$ cat entry19.txt   # compact mmCIF, C-alpha atoms and all ligand atoms
# COMPACT_ATOMS: atom_id res chain seq x y z
CA MET A 1 0.00 0.00 0.00
CA SER A 2 1.65 3.30 -1.04
CA ALA A 3 1.83 6.19 1.42
CA THR A 4 0.56 8.67 -1.18
CA GLY A 5 -2.42 6.48 -2.09
CA VAL A 6 -3.88 6.82 1.40
CA ILE A 7 -3.70 10.59 1.89
CA GLY A 8 -7.10 11.98 2.83
CA MET A 9 -8.65 8.55 3.26
CA ALA A 10 -11.79 8.52 5.42
CA PRO A 11 -11.54 6.41 8.62
CA GLY A 12 -14.10 3.85 7.39
CA GLU A 13 -12.21 3.41 4.13
CA ALA A 14 -8.86 2.98 5.93
CA VAL A 15 -10.29 0.42 8.36
CA ALA A 16 -11.81 -1.58 5.48
CA ALA A 17 -8.51 -1.42 3.59
CA LEU A 18 -6.65 -2.95 6.55
CA VAL A 19 -8.21 -6.31 5.81
CA SER A 20 -7.65 -6.08 2.04
CA PRO A 21 -4.68 -8.07 0.66
CA ALA A 22 -2.57 -4.90 0.29
CA GLY A 23 -3.46 -3.70 3.80
CA ARG A 24 -2.68 -7.07 5.32
CA ARG A 25 0.71 -7.00 3.64
CA ASP A 26 1.55 -3.43 4.69
CA PRO A 27 -0.84 -1.82 7.20
CA TYR A 28 1.51 1.01 8.16
CA PRO A 29 0.43 3.69 5.63
CA LEU A 30 -3.19 2.97 6.63
CA TYR A 31 -2.35 3.59 10.27
CA GLU A 32 -0.97 6.99 9.24
CA ALA A 33 -4.16 7.72 7.28
CA LEU A 34 -6.11 6.95 10.46
CA ARG A 35 -3.73 8.95 12.64
CA ALA A 36 -4.50 12.03 10.56
CA HIS A 37 -7.99 11.89 12.16
CA GLY A 38 -6.60 11.86 15.72
CA PRO A 39 -5.57 9.21 18.25
CA VAL A 40 -9.16 8.09 19.08
CA ILE A 41 -11.40 7.87 16.01
CA PRO A 42 -15.16 7.22 15.95
CA VAL A 43 -15.41 5.35 12.63
CA ARG A 44 -19.16 4.76 12.62
CA PRO A 45 -21.85 4.13 15.24
CA GLY A 46 -20.70 1.07 17.16
CA LEU A 47 -17.03 1.22 16.09
CA THR A 48 -14.19 3.35 17.41
CA VAL A 49 -10.51 2.77 16.72
CA VAL A 50 -7.52 3.92 18.76
CA VAL A 51 -4.10 4.46 17.15
CA GLY A 52 -2.16 6.58 19.70
CA TYR A 53 0.36 4.95 22.06
CA ALA A 54 -0.76 6.79 25.22
CA GLU A 55 -4.44 6.39 24.38
CA ILE A 56 -4.16 2.61 23.76
CA SER A 57 -2.24 2.25 26.99
CA ARG A 58 -4.97 4.13 28.86
CA ALA A 59 -7.79 2.19 27.20
CA LEU A 60 -6.19 -1.17 28.07
CA ARG A 61 -6.13 -0.10 31.72
CA ASP A 62 -9.71 1.20 31.71
CA ASN A 63 -11.82 -1.49 33.37
CA ARG A 64 -15.03 -0.03 31.98
CA LEU A 65 -13.93 -1.52 28.66
CA ARG A 66 -14.57 -5.25 28.62
CA VAL A 67 -13.15 -8.16 26.65
CA GLN A 68 -15.33 -10.29 24.42
CA ASP A 69 -17.05 -12.88 26.62
CA ALA A 70 -19.93 -15.37 26.46
CA ALA A 71 -22.52 -12.64 27.11
CA SER A 72 -21.26 -10.46 24.26
CA TYR A 73 -21.04 -13.46 21.88
CA ASP A 74 -24.71 -14.12 22.71
CA VAL A 75 -25.51 -10.69 21.34
CA ILE A 76 -23.39 -10.69 18.21
CA TYR A 77 -23.55 -14.37 17.18
CA PRO A 78 -26.23 -16.34 19.04
CA ARG A 79 -25.11 -19.64 17.45
CA TRP A 80 -21.57 -19.40 18.78
CA ARG A 81 -22.13 -22.23 21.27
CA ASN A 82 -22.24 -24.67 18.34
CA HIS A 83 -18.49 -24.15 18.03
CA SER A 84 -16.44 -26.04 20.60
CA SER A 85 -13.42 -23.84 19.85
CA LEU A 86 -15.31 -20.68 20.82
CA ARG A 87 -16.75 -22.42 23.88
CA GLY A 88 -13.26 -23.55 24.86
CA TYR A 89 -11.77 -20.08 24.62
CA THR A 90 -14.61 -18.44 26.53
CA ASP A 91 -13.59 -20.73 29.40
CA SER A 92 -10.17 -19.07 29.46
CA MET A 93 -9.08 -15.85 31.15
CA LEU A 94 -8.62 -13.92 27.92
CA TYR A 95 -12.40 -14.05 27.42
CA ARG A 96 -13.41 -13.28 31.01
CA ASN A 97 -14.22 -10.02 32.74
CA PRO A 98 -14.24 -9.16 36.46
CA PRO A 99 -14.64 -10.91 38.81
CA ASP A 100 -13.95 -14.20 36.97
CA HIS A 101 -10.88 -12.92 35.22
CA ALA A 102 -8.88 -12.14 38.37
CA ARG A 103 -9.73 -15.54 39.89
CA MET A 104 -8.57 -17.44 36.82
CA ARG A 105 -5.51 -15.33 36.25
CA ARG A 106 -4.41 -15.72 39.86
CA LEU A 107 -4.77 -19.48 39.71
CA VAL A 108 -3.03 -19.90 36.34
CA SER A 109 -0.26 -17.52 37.40
CA SER A 110 0.32 -19.66 40.48
CA GLY A 111 1.46 -22.43 38.11
CA PHE A 112 3.17 -20.14 35.59
CA THR A 113 5.43 -18.24 37.96
CA PRO A 114 8.42 -16.05 36.99
CA ALA A 115 10.59 -18.53 38.94
CA ARG A 116 9.32 -21.43 36.81
CA VAL A 117 10.03 -19.42 33.64
CA ALA A 118 13.52 -18.40 34.84
CA ALA A 119 14.27 -22.02 35.73
CA MET A 120 13.63 -22.95 32.10
CA ARG A 121 16.53 -20.88 30.81
CA GLU A 122 19.00 -23.73 30.49
CA SER A 123 16.51 -26.08 28.93
CA VAL A 124 15.54 -23.36 26.40
CA GLU A 125 19.23 -23.01 25.53
CA ARG A 126 19.47 -26.78 25.03
CA MET A 127 16.36 -26.76 22.82
CA VAL A 128 17.83 -23.93 20.73
CA HIS A 129 21.11 -25.82 20.27
CA ARG A 130 19.24 -28.95 19.28
CA LEU A 131 17.20 -27.05 16.69
CA LEU A 132 20.36 -25.36 15.38
CA ASP A 133 21.95 -28.80 14.95
CA ARG A 134 18.91 -29.77 12.96
CA LEU A 135 19.13 -26.63 10.79
CA GLU A 136 22.80 -27.39 10.15
CA GLY A 137 21.94 -30.90 8.98
CA LEU A 138 19.05 -29.76 6.77
CA GLY A 139 21.08 -26.92 5.29
CA ALA A 140 24.28 -28.88 4.64
CA GLY A 141 25.95 -28.05 1.33
CA GLY A 142 24.04 -24.76 1.01
CA ALA A 143 20.58 -26.33 0.71
CA PRO A 144 17.85 -23.77 1.44
CA VAL A 145 15.93 -24.42 4.68
CA ASP A 146 12.61 -22.96 5.77
CA TYR A 147 13.52 -21.11 8.96
CA ILE A 148 9.85 -20.75 9.99
CA ALA A 149 8.93 -24.43 9.72
CA GLU A 150 12.22 -25.78 11.01
CA PHE A 151 13.04 -23.33 13.76
CA ALA A 152 10.77 -20.37 14.50
CA SER A 153 7.62 -22.45 14.96
CA ARG A 154 9.36 -25.44 16.57
CA LEU A 155 11.00 -23.60 19.45
CA PRO A 156 7.82 -22.07 20.99
CA ILE A 157 5.98 -25.40 20.81
CA ALA A 158 8.91 -27.26 22.36
CA VAL A 159 9.07 -24.69 25.16
CA ILE A 160 5.36 -24.59 25.93
CA SER A 161 5.17 -28.40 25.72
CA ALA A 162 7.99 -28.70 28.25
CA LEU A 163 6.27 -26.18 30.49
CA ILE A 164 2.90 -27.92 30.35
CA GLY A 165 4.36 -31.43 30.39
CA VAL A 166 3.55 -32.67 26.86
CA ALA A 167 5.72 -35.62 25.80
CA GLU A 168 8.28 -34.96 23.07
CA GLU A 169 6.81 -37.55 20.70
CA ASP A 170 3.44 -35.75 20.79
CA GLN A 171 4.84 -32.33 19.89
CA GLN A 172 4.42 -32.46 16.11
CA TRP A 173 0.79 -33.47 16.47
CA PHE A 174 0.40 -30.81 19.12
CA ARG A 175 1.85 -28.18 16.78
CA ALA A 176 -0.63 -29.04 14.00
CA MET A 177 -3.54 -28.91 16.45
CA ALA A 178 -2.38 -25.59 17.90
CA SER A 179 -2.12 -24.13 14.43
CA ASP A 180 -5.73 -25.08 13.59
CA LEU A 181 -6.97 -23.83 16.92
CA THR A 182 -5.51 -20.34 16.50
CA ILE A 183 -8.16 -19.65 13.84
CA ALA A 184 -10.64 -19.37 16.72
CA LEU A 185 -8.50 -16.69 18.40
CA GLU A 186 -9.77 -14.39 15.66
CA GLY A 187 -13.29 -14.94 17.01
CA ILE A 188 -16.17 -14.95 14.59
CA THR A 189 -14.39 -13.04 11.82
CA ASN A 190 -13.82 -16.32 10.02
CA ILE A 191 -16.79 -18.58 10.77
CA SER A 192 -16.33 -20.69 7.64
CA ARG A 193 -12.91 -21.83 8.89
CA LEU A 194 -13.97 -22.62 12.45
CA GLY A 195 -14.61 -26.30 11.56
CA ALA A 196 -10.86 -27.09 11.73
CA ALA A 197 -10.56 -25.17 15.00
CA ASP A 198 -13.54 -27.05 16.49
CA GLN A 199 -12.02 -30.39 15.56
CA ALA A 200 -8.65 -29.39 17.04
CA MET A 201 -10.39 -28.22 20.21
CA ASP A 202 -12.22 -31.55 20.57
CA GLU A 203 -9.05 -33.59 20.05
CA LEU A 204 -6.98 -31.42 22.35
CA ALA A 205 -9.65 -31.43 25.06
CA GLY A 206 -9.46 -35.25 25.03
CA TYR A 207 -5.67 -35.14 25.12
CA PHE A 208 -5.58 -32.63 27.97
CA GLY A 209 -8.23 -34.63 29.85
CA ASP A 210 -5.91 -37.68 29.79
CA LEU A 211 -2.89 -35.58 30.71
CA ILE A 212 -4.71 -34.02 33.66
CA GLU A 213 -5.76 -37.45 34.90
CA HIS A 214 -2.18 -38.68 34.56
CA ARG A 215 -0.80 -35.73 36.56
CA ARG A 216 -3.43 -36.25 39.21
CA ARG A 217 -2.14 -39.80 39.73
CA HIS A 218 1.54 -38.93 39.18
CA PRO A 219 2.18 -35.37 40.41
CA ALA A 220 5.38 -33.72 39.20
CA ASP A 221 7.11 -30.41 39.84
CA ASP A 222 5.52 -28.77 36.82
CA MET A 223 2.93 -26.23 35.84
CA LEU A 224 0.24 -28.77 35.04
CA THR A 225 0.47 -30.35 38.49
CA ALA A 226 0.12 -26.89 40.04
CA LEU A 227 -2.95 -26.20 37.89
CA VAL A 228 -4.52 -29.58 38.64
CA ARG A 229 -4.09 -28.80 42.35
CA ALA A 230 -5.81 -25.44 41.84
CA HIS A 231 -8.64 -27.29 40.12
CA ASP A 232 -8.92 -29.98 42.77
CA ASP A 233 -8.97 -27.44 45.59
CA GLY A 234 -12.58 -26.78 44.52
CA GLY A 235 -14.31 -23.68 45.93
CA ALA A 236 -12.49 -20.73 44.43
CA GLY A 237 -10.43 -23.07 42.20
CA LEU A 238 -10.63 -23.73 38.48
CA GLY A 239 -13.46 -25.82 37.04
CA HIS A 240 -12.46 -28.67 34.68
CA ASP A 241 -13.56 -26.82 31.53
CA GLU A 242 -11.79 -23.71 32.75
CA LEU A 243 -8.61 -25.67 33.34
CA VAL A 244 -8.77 -27.11 29.81
CA GLY A 245 -9.72 -23.69 28.33
CA ASN A 246 -6.72 -22.04 29.95
CA LEU A 247 -4.36 -24.80 28.85
CA MET A 248 -5.61 -24.25 25.27
CA LEU A 249 -4.98 -20.55 25.69
CA LEU A 250 -1.43 -21.08 26.96
CA LEU A 251 -0.76 -23.42 24.08
CA THR A 252 -2.08 -21.17 21.33
CA ALA A 253 -1.47 -17.65 22.68
CA GLY A 254 2.24 -18.27 22.81
CA PHE A 255 2.82 -20.42 19.78
CA GLU A 256 2.39 -18.40 16.61
CA THR A 257 3.04 -15.06 18.32
CA THR A 258 6.52 -16.14 19.40
CA SER A 259 7.24 -17.65 16.00
CA PHE A 260 6.30 -14.26 14.45
CA LEU A 261 8.75 -12.56 16.80
CA LEU A 262 11.53 -15.00 15.86
CA GLY A 263 10.68 -14.67 12.15
CA HIS A 264 10.77 -10.89 12.08
CA GLY A 265 13.79 -10.88 14.37
CA LEU A 266 15.87 -12.72 11.78
CA ARG A 267 14.41 -10.86 8.79
CA LEU A 268 15.34 -7.53 10.41
CA ALA A 269 18.83 -8.84 11.22
CA PHE A 270 19.37 -9.49 7.50
CA GLU A 271 18.08 -6.02 6.66
CA HIS A 272 20.30 -4.40 9.31
CA PRO A 273 23.69 -6.14 9.14
CA VAL A 274 25.40 -3.69 11.51
CA GLN A 275 22.80 -4.38 14.20
CA ALA A 276 23.05 -8.11 13.48
CA ALA A 277 26.84 -8.07 13.93
CA ARG A 278 26.48 -6.24 17.23
CA LEU A 279 23.86 -8.71 18.41
CA ARG A 280 26.07 -11.64 17.42
CA ASP A 281 29.14 -10.24 19.18
CA ASP A 282 27.36 -9.10 22.32
CA PRO A 283 24.30 -11.16 23.37
CA GLU A 284 23.63 -8.51 26.06
CA ARG A 285 22.23 -6.40 23.25
CA ALA A 286 19.48 -8.93 22.74
CA THR A 287 17.17 -7.25 25.26
CA ALA A 288 16.97 -3.97 23.35
CA TYR A 289 17.03 -5.72 19.97
CA VAL A 290 14.05 -7.92 20.83
CA GLU A 291 12.05 -4.96 22.23
CA GLU A 292 12.62 -3.05 19.01
CA VAL A 293 11.55 -6.05 16.89
CA LEU A 294 8.39 -6.26 19.01
CA ARG A 295 7.72 -2.57 18.43
CA PHE A 296 8.63 -2.45 14.76
CA GLU A 297 6.77 -5.58 13.65
CA THR A 298 4.14 -6.06 16.35
CA PRO A 299 3.12 -9.75 16.25
CA VAL A 300 -0.46 -9.05 17.39
CA GLN A 301 -1.43 -5.90 15.50
CA ALA A 302 -4.70 -5.26 17.31
CA THR A 303 -7.00 -6.30 20.09
CA SER A 304 -10.49 -5.12 20.96
CA ARG A 305 -12.72 -4.17 23.84
CA TRP A 306 -16.42 -3.38 24.28
CA ALA A 307 -18.04 -0.45 26.04
CA GLU A 308 -20.78 -2.21 27.92
CA THR A 309 -22.61 1.00 28.79
CA GLY A 310 -22.29 4.54 27.51
CA MET A 311 -19.00 6.18 28.56
CA GLU A 312 -16.38 8.65 27.46
CA LEU A 313 -12.95 7.51 26.33
CA LEU A 314 -10.43 10.36 26.49
CA GLY A 315 -13.04 12.88 25.42
CA THR A 316 -14.71 10.68 22.80
CA PRO A 317 -18.24 9.55 23.72
CA LEU A 318 -18.88 5.81 23.27
CA GLU A 319 -22.39 4.43 23.23
CA GLY A 320 -23.10 1.18 25.07
CA GLY A 321 -22.20 -1.77 22.80
CA THR A 322 -19.45 0.09 20.91
CA LYS A 323 -16.51 -2.03 19.80
CA VAL A 324 -13.18 -0.35 20.43
CA VAL A 325 -10.31 -1.63 18.29
CA LEU A 326 -6.93 -0.92 19.86
CA MET A 327 -4.35 -0.93 17.07
CA LEU A 328 -1.21 -1.99 18.92
CA GLY A 329 0.85 -1.94 15.71
CA ALA A 330 -0.19 1.69 15.11
CA GLY A 331 0.50 2.72 18.73
CA ASN A 332 3.97 1.22 18.41
CA ARG A 333 4.65 3.58 15.50
CA ASP A 334 3.15 6.69 17.10
CA PRO A 335 5.64 9.51 16.32
CA ARG A 336 4.62 11.33 19.54
CA ARG A 337 6.08 8.40 21.50
CA PHE A 338 8.77 7.09 19.10
CA PRO A 339 10.57 9.77 17.06
CA GLY A 340 11.32 8.42 13.58
CA PRO A 341 9.01 5.45 14.13
CA THR A 342 9.70 3.87 10.73
CA ARG A 343 13.40 3.54 11.60
CA PHE A 344 14.43 0.18 13.09
CA ASP A 345 16.67 1.29 15.92
CA PRO A 346 17.35 -0.94 18.93
CA ASP A 347 19.37 1.92 20.44
CA ARG A 348 16.39 4.27 20.74
CA GLY A 349 16.06 3.51 24.49
CA ASP A 350 12.94 3.30 26.68
CA ILE A 351 11.11 1.24 24.08
CA GLN A 352 8.33 -0.43 26.12
CA PRO A 353 6.20 -1.48 23.16
CA LEU A 354 2.49 -2.15 23.50
CA SER A 355 2.99 -5.58 21.94
CA PHE A 356 2.02 -7.59 25.02
CA GLY A 357 -0.95 -5.38 25.84
CA ALA A 358 -1.29 -3.69 29.24
CA GLY A 359 -3.52 -3.68 32.29
CA ALA A 360 -5.50 -6.65 33.60
CA HIS A 361 -4.96 -8.84 30.51
CA PHE A 362 -1.25 -8.05 30.07
CA CYS A 363 0.33 -11.07 28.39
CA LEU A 364 1.11 -13.77 30.91
CA GLY A 365 3.74 -15.26 28.59
CA ALA A 366 5.74 -12.06 27.94
CA PRO A 367 8.77 -13.12 30.05
CA LEU A 368 8.81 -16.54 28.38
CA SER A 369 8.66 -15.32 24.78
CA ARG A 370 11.18 -12.56 25.48
CA MET A 371 13.54 -15.15 26.96
CA GLU A 372 13.17 -17.43 23.91
CA ALA A 373 13.97 -14.65 21.46
CA ARG A 374 16.81 -13.21 23.53
CA ILE A 375 18.47 -16.62 23.66
CA ALA A 376 17.69 -17.81 20.13
CA LEU A 377 18.59 -14.85 17.93
CA PRO A 378 22.20 -14.29 19.10
CA LEU A 379 22.89 -18.06 19.14
CA LEU A 380 21.57 -18.40 15.60
CA LEU A 381 23.81 -15.60 14.34
CA ARG A 382 26.85 -17.00 16.20
CA ARG A 383 26.37 -20.54 15.04
CA PHE A 384 26.12 -19.68 11.33
CA PRO A 385 28.44 -16.79 10.40
CA ALA A 386 27.44 -17.15 6.73
CA LEU A 387 23.71 -17.13 7.47
CA ALA A 388 21.78 -15.48 4.62
CA ALA A 389 18.31 -15.28 3.11
CA ALA A 390 17.89 -17.65 0.16
CA GLU A 391 14.69 -15.90 -0.97
CA PRO A 392 12.68 -12.92 0.24
CA PRO A 393 10.35 -13.97 3.08
CA ASP A 394 6.77 -14.92 2.36
CA HIS A 395 4.37 -12.99 4.64
CA ARG A 396 1.22 -14.48 6.13
CA ASP A 397 -1.94 -13.10 4.65
CA ARG A 398 -3.42 -11.82 7.93
CA TRP A 399 -3.73 -8.41 9.48
CA VAL A 400 -3.93 -9.14 13.22
CA GLY A 401 -1.41 -11.99 13.41
CA ARG A 402 1.55 -10.41 11.62
CA GLY A 403 4.23 -12.93 10.81
CA LEU A 404 6.12 -14.82 8.14
CA ARG A 405 4.72 -17.97 6.59
CA ARG A 406 7.95 -19.16 5.00
CA PHE A 407 11.48 -17.86 4.99
CA LEU A 408 14.10 -19.81 3.07
CA ILE A 409 17.58 -19.29 4.43
CA ARG A 410 21.04 -20.75 3.87
CA VAL A 411 23.07 -21.66 6.90
CA SER A 412 26.27 -22.41 5.01
C1 LIG B 501 5.79 -12.56 21.12
C2 LIG B 501 4.96 -13.34 21.77
C3 LIG B 501 3.63 -12.90 22.33
C4 LIG B 501 2.87 -11.81 22.02
C5 LIG B 501 3.16 -10.71 21.01
C6 LIG B 501 1.69 -11.87 22.87
C7 LIG B 501 0.70 -10.92 22.88
C8 LIG B 501 -0.34 -10.87 23.79
C9 LIG B 501 -1.28 -9.78 23.92
C10 LIG B 501 -1.31 -8.53 23.04
C11 LIG B 501 -2.13 -10.10 24.93
C12 LIG B 501 -3.27 -9.23 25.48
C13 LIG B 501 -4.52 -9.37 24.70
C14 LIG B 501 -5.58 -8.41 25.16
O1 LIG B 501 -5.39 -7.64 26.13
O2 LIG B 501 -6.66 -8.40 24.55
C15 LIG B 501 -1.74 -11.40 25.43
C16 LIG B 501 -2.40 -12.07 26.43
C17 LIG B 501 -2.04 -13.33 26.85
N1 LIG B 501 -0.92 -14.05 26.46
FE1 LIG B 501 0.46 -13.49 25.14
N2 LIG B 501 1.77 -12.99 23.64
C18 LIG B 501 2.93 -13.65 23.36
C19 LIG B 501 3.40 -14.82 23.93
C20 LIG B 501 2.72 -15.54 24.88
C21 LIG B 501 3.19 -16.77 25.48
C22 LIG B 501 4.53 -17.44 25.19
C23 LIG B 501 2.20 -17.20 26.32
C24 LIG B 501 2.12 -18.43 27.19
C25 LIG B 501 2.88 -19.44 27.14
C26 LIG B 501 1.15 -16.21 26.28
C27 LIG B 501 0.00 -16.26 27.05
C28 LIG B 501 -0.93 -15.24 27.14
C29 LIG B 501 -2.09 -15.31 28.00
C30 LIG B 501 -2.46 -16.45 28.92
C31 LIG B 501 -2.79 -14.11 27.82
C32 LIG B 501 -4.11 -13.71 28.47
C33 LIG B 501 -3.87 -12.92 29.74
C34 LIG B 501 -5.19 -12.46 30.36
O3 LIG B 501 -6.24 -12.49 29.70
O4 LIG B 501 -5.14 -12.09 31.54
N3 LIG B 501 1.49 -15.22 25.40
N4 LIG B 501 -0.63 -11.84 24.73
$ encode --input "entry19.txt" --output "C-alpha cells"
Amino acid sequence: MSATGVIGMAPGEAVAALVSPAGRRDPYPLYEALRAHGPVIPVRPGLTVVVGYAEISRALRDNRLRVQDAASYDVIYPRWRNHSSLRGYTDSMLYRNPPDHARMRRLVSSGFTPARVAAMRESVERMVHRLLDRLEGLGAGGAPVDYIAEFASRLPIAVISALIGVAEEDQQWFRAMASDLTIALEGITNISRLGAADQAMDELAGYFGDLIEHRRRHPADDMLTALVRAHDDGGAGLGHDELVGNLMLLLTAGFETTSFLLGHGLRLAFEHPVQAARLRDDPERATAYVEEVLRFETPVQATSRWAETGMELLGTPLEGGTKVVLMLGAGNRDPRRFPGPTRFDPDRGDIQPLSFGAGAHFCLGAPLSRMEARIALPLLLRRFPALAAAEPPDHRDRWVGRGLRRFLIRVS
C-alpha cells in the first residue's frame, strides 16, 4: 500500500482497507491515514478505533472496557455455542471479565510463575542448540531451509510443551492442532474456517483430559500439576472446563506469536547487518534488539474491547455496545512516543512497546517469549556466520497476526 495512495482517506475506508490483501501486507500507511484523524477515532456508530500509544495504553487499563465474553457473543452471534473452539476459549481468562478474570488469572499464574520461567533458561538453551543442529543438517551443502517451519515455529511449541508437560513424541501433532486452533482466536471473523478449530479443540480437550488425569495420579514439579491442584482445591479453584480452556490458551497464545517474533527478528537482522553483527558479538544487546523487533513488527497488530454501557474515552463519547479496536501496531509507531518510528533502531532507548498489551490482561507469557527470542537470535547468528536469506520472506496473509509464513535461508 503506497503512502501517497492513502492521503485523505476517510476512517471507514482505511479500516476496510486494513483487511484487504494490500493492507494485510503493509498496514503502516493505513495507520498513518487513520492517525491524521486523531488518536481516538469514531469510525461509525458502534465502532471506534484507537491508534495513539498513550491512548491505547490508557484504554487497556480502563476497566469499563470489557473483553469479548460469552454474554457479548450471545448478542453478536447467538449460534456461537455450536463451536467447541469458541466455547473452549470463553472458558479461558482472555475471554473473562471481572470478577472471573482475576480468579482465573491468579490461579493460572500460580502455576506459571516467573521462577518457573527463569528455571527454564537452560533447557531453552538446550532446545535452541538442538534445533540449530537440525538446521545445520538440513542446510548442509548450502541447501535452502525454511527457517519458519524448522526453527521459529518449533521452538515455541517445544518450550510450551515442556512447560505444560507434553511428551516430546506428541509435539508435532500438538503443533498441528495448535495451528488449527488459532483460527478461533480471531473470534467470529472467520466462521467458515472454524470447523478445523472445532475439531482441534475436541481432540486437544481429550488429550488434555488424559494428561490431567495422569498428573493427578503422578504429580510432578511442573505447571500442570500446580494447575490440577488449583482445580482440585474446589471452591475458588478452576473448574475442569476452565482448566482445559486455559491450557488451550497457553498453548495457542504463545505459539504463533513467538514464532512471528523469531521470524521478524531474523528478517530484520538481514536487513540491518550492523545491528546483526552487534547482536552476534554481544548477546547482552538482545534485550533492546528484541524490544525493538516487538515494536517495529508487532506480532499481534490489534485487540479489541467493548463499552458495555455509555461512557467517554479520552473525550470521545462511546455508546453502550461500541466495539473499540486498539491498534497496537499503530501505537507502536506513534511519532509522539517514538521519534522516527519507521526507523528500526534498537538503540532508541525506553522502548516499552504495546505488543504484550497492558492492564488486567497483560500477556502472561511475555517473560517466556522474550527469553526465547533473547536466547535464540544471538545463538543463531553465532552458530552460522554465513547465514543469509535464500529468498525474500513470504508474509502471512493476515492483518492481526503479523508474521512470516515461510522464509528460506542458507546456513552455510
Ligand atoms: C511474542 C509473543 C507474544 C505476544 C506478542 C503476545 C501478545 C499478547 C497480547 C497482546 C495479549 C493481550 C490481549 C488483550 O489484552 O486483549 C496477550 C495475552 C495473553 N498471552 Fe500473550 N503474547 C505472546 C506470547 C505468549 C506466550 C509465550 C504465552 C504463554 C505461554 C502467552 C499467554 C498469554 C495469556 C495467557 C494471555 C491472556 C492474559 C489475560 O487475559 O489475563 N502469550 N498476549
$ residues_near_ligand --input "entry19.txt" --ligand "ligand LIG 501 (chain B)" --cutoff "6 Å" --atoms "all atoms listed in the file" --output "PyMOL selection string"
chain A and resi 93-94+105+160+249-250+253-254+257-258+261+299-300+303+355-357+360-366+368-369
$ atom_distance --input "entry19.txt" --atom1 "atom CA of Leu238 of chain A" --atom2 "atom CA of Glu186 of chain A"
24.7 Å
$ closest_residue --input "entry19.txt" --among "A:Leu314, A:Ala330, A:Ala220, A:Leu86" --to "Asp69 of chain A" --atoms "only C-alpha atoms"
A:Leu86
$ residues_around --input "entry19.txt" --residues "Arg348 of chain A" --least-positions-apart "2" --cutoff "10 Å" --atoms "only C-alpha atoms" --output "list in words"
Ala288, Glu292, Phe338, Pro339, Gly340, Pro341, Arg343, Phe344, Asp345, Pro346, Asp350 and Ile351 of chain A
$ residues_near_point --input "entry19.txt" --point "(-11.6, -10.7, 20.5)" --cutoff "8 Å" --atoms "all atoms listed in the file" --output "list in words"
Val67, Gln68, Tyr95, Leu185, Glu186, Gly187, Thr303, Ser304 and Arg305 of chain A
$ closest_residue --input "entry19.txt" --among "A:Glu136, A:Arg66, A:Leu387, A:Val43" --to "Glu13 of chain A" --atoms "all atoms listed in the file"
A:Val43
$ atom_distance --input "entry19.txt" --atom1 "atom CA of Met371 of chain A" --atom2 "atom CA of Val400 of chain A"
23.0 Å
$ decode --input "entry19.txt" --residues "segment 202-206 of chain A" --atoms "all heavy atoms" --output "PDB file, in the first residue's frame"
ATOM      1  N   ASP A 202     -11.688 -30.289  20.047  1.00  0.00           N
ATOM      2  CA  ASP A 202     -12.216 -31.547  20.572  1.00  0.00           C
ATOM      3  C   ASP A 202     -11.078 -32.538  20.842  1.00  0.00           C
ATOM      4  O   ASP A 202     -11.021 -33.182  21.882  1.00  0.00           O
ATOM      5  CB  ASP A 202     -13.222 -32.164  19.590  1.00  0.00           C
ATOM      6  CG  ASP A 202     -14.460 -31.276  19.443  1.00  0.00           C
ATOM      7  OD1 ASP A 202     -14.682 -30.447  20.346  1.00  0.00           O
ATOM      8  OD2 ASP A 202     -15.176 -31.402  18.429  1.00  0.00           O
ATOM      9  N   GLU A 203     -10.158 -32.616  19.873  1.00  0.00           N
ATOM     10  CA  GLU A 203      -9.053 -33.585  20.051  1.00  0.00           C
ATOM     11  C   GLU A 203      -8.141 -33.177  21.204  1.00  0.00           C
ATOM     12  O   GLU A 203      -7.731 -34.002  22.012  1.00  0.00           O
ATOM     13  CB  GLU A 203      -8.254 -33.700  18.760  1.00  0.00           C
ATOM     14  CG  GLU A 203      -9.075 -34.382  17.675  1.00  0.00           C
ATOM     15  CD  GLU A 203      -8.219 -34.816  16.493  1.00  0.00           C
ATOM     16  OE1 GLU A 203      -7.030 -35.099  16.678  1.00  0.00           O
ATOM     17  OE2 GLU A 203      -8.767 -34.863  15.381  1.00  0.00           O
ATOM     18  N   LEU A 204      -7.862 -31.874  21.270  1.00  0.00           N
ATOM     19  CA  LEU A 204      -6.975 -31.417  22.351  1.00  0.00           C
ATOM     20  C   LEU A 204      -7.633 -31.540  23.715  1.00  0.00           C
ATOM     21  O   LEU A 204      -6.972 -31.839  24.709  1.00  0.00           O
ATOM     22  CB  LEU A 204      -6.567 -29.957  22.107  1.00  0.00           C
ATOM     23  CG  LEU A 204      -5.415 -29.792  21.116  1.00  0.00           C
ATOM     24  CD1 LEU A 204      -5.305 -28.343  20.660  1.00  0.00           C
ATOM     25  CD2 LEU A 204      -4.085 -30.221  21.746  1.00  0.00           C
ATOM     26  N   ALA A 205      -8.960 -31.317  23.762  1.00  0.00           N
ATOM     27  CA  ALA A 205      -9.654 -31.430  25.057  1.00  0.00           C
ATOM     28  C   ALA A 205      -9.521 -32.873  25.566  1.00  0.00           C
ATOM     29  O   ALA A 205      -9.289 -33.097  26.752  1.00  0.00           O
ATOM     30  CB  ALA A 205     -11.112 -31.021  24.922  1.00  0.00           C
ATOM     31  N   GLY A 206      -9.630 -33.846  24.646  1.00  0.00           N
ATOM     32  CA  GLY A 206      -9.459 -35.247  25.034  1.00  0.00           C
ATOM     33  C   GLY A 206      -8.034 -35.497  25.520  1.00  0.00           C
ATOM     34  O   GLY A 206      -7.803 -36.118  26.553  1.00  0.00           O
TER      35      GLY A 206
END
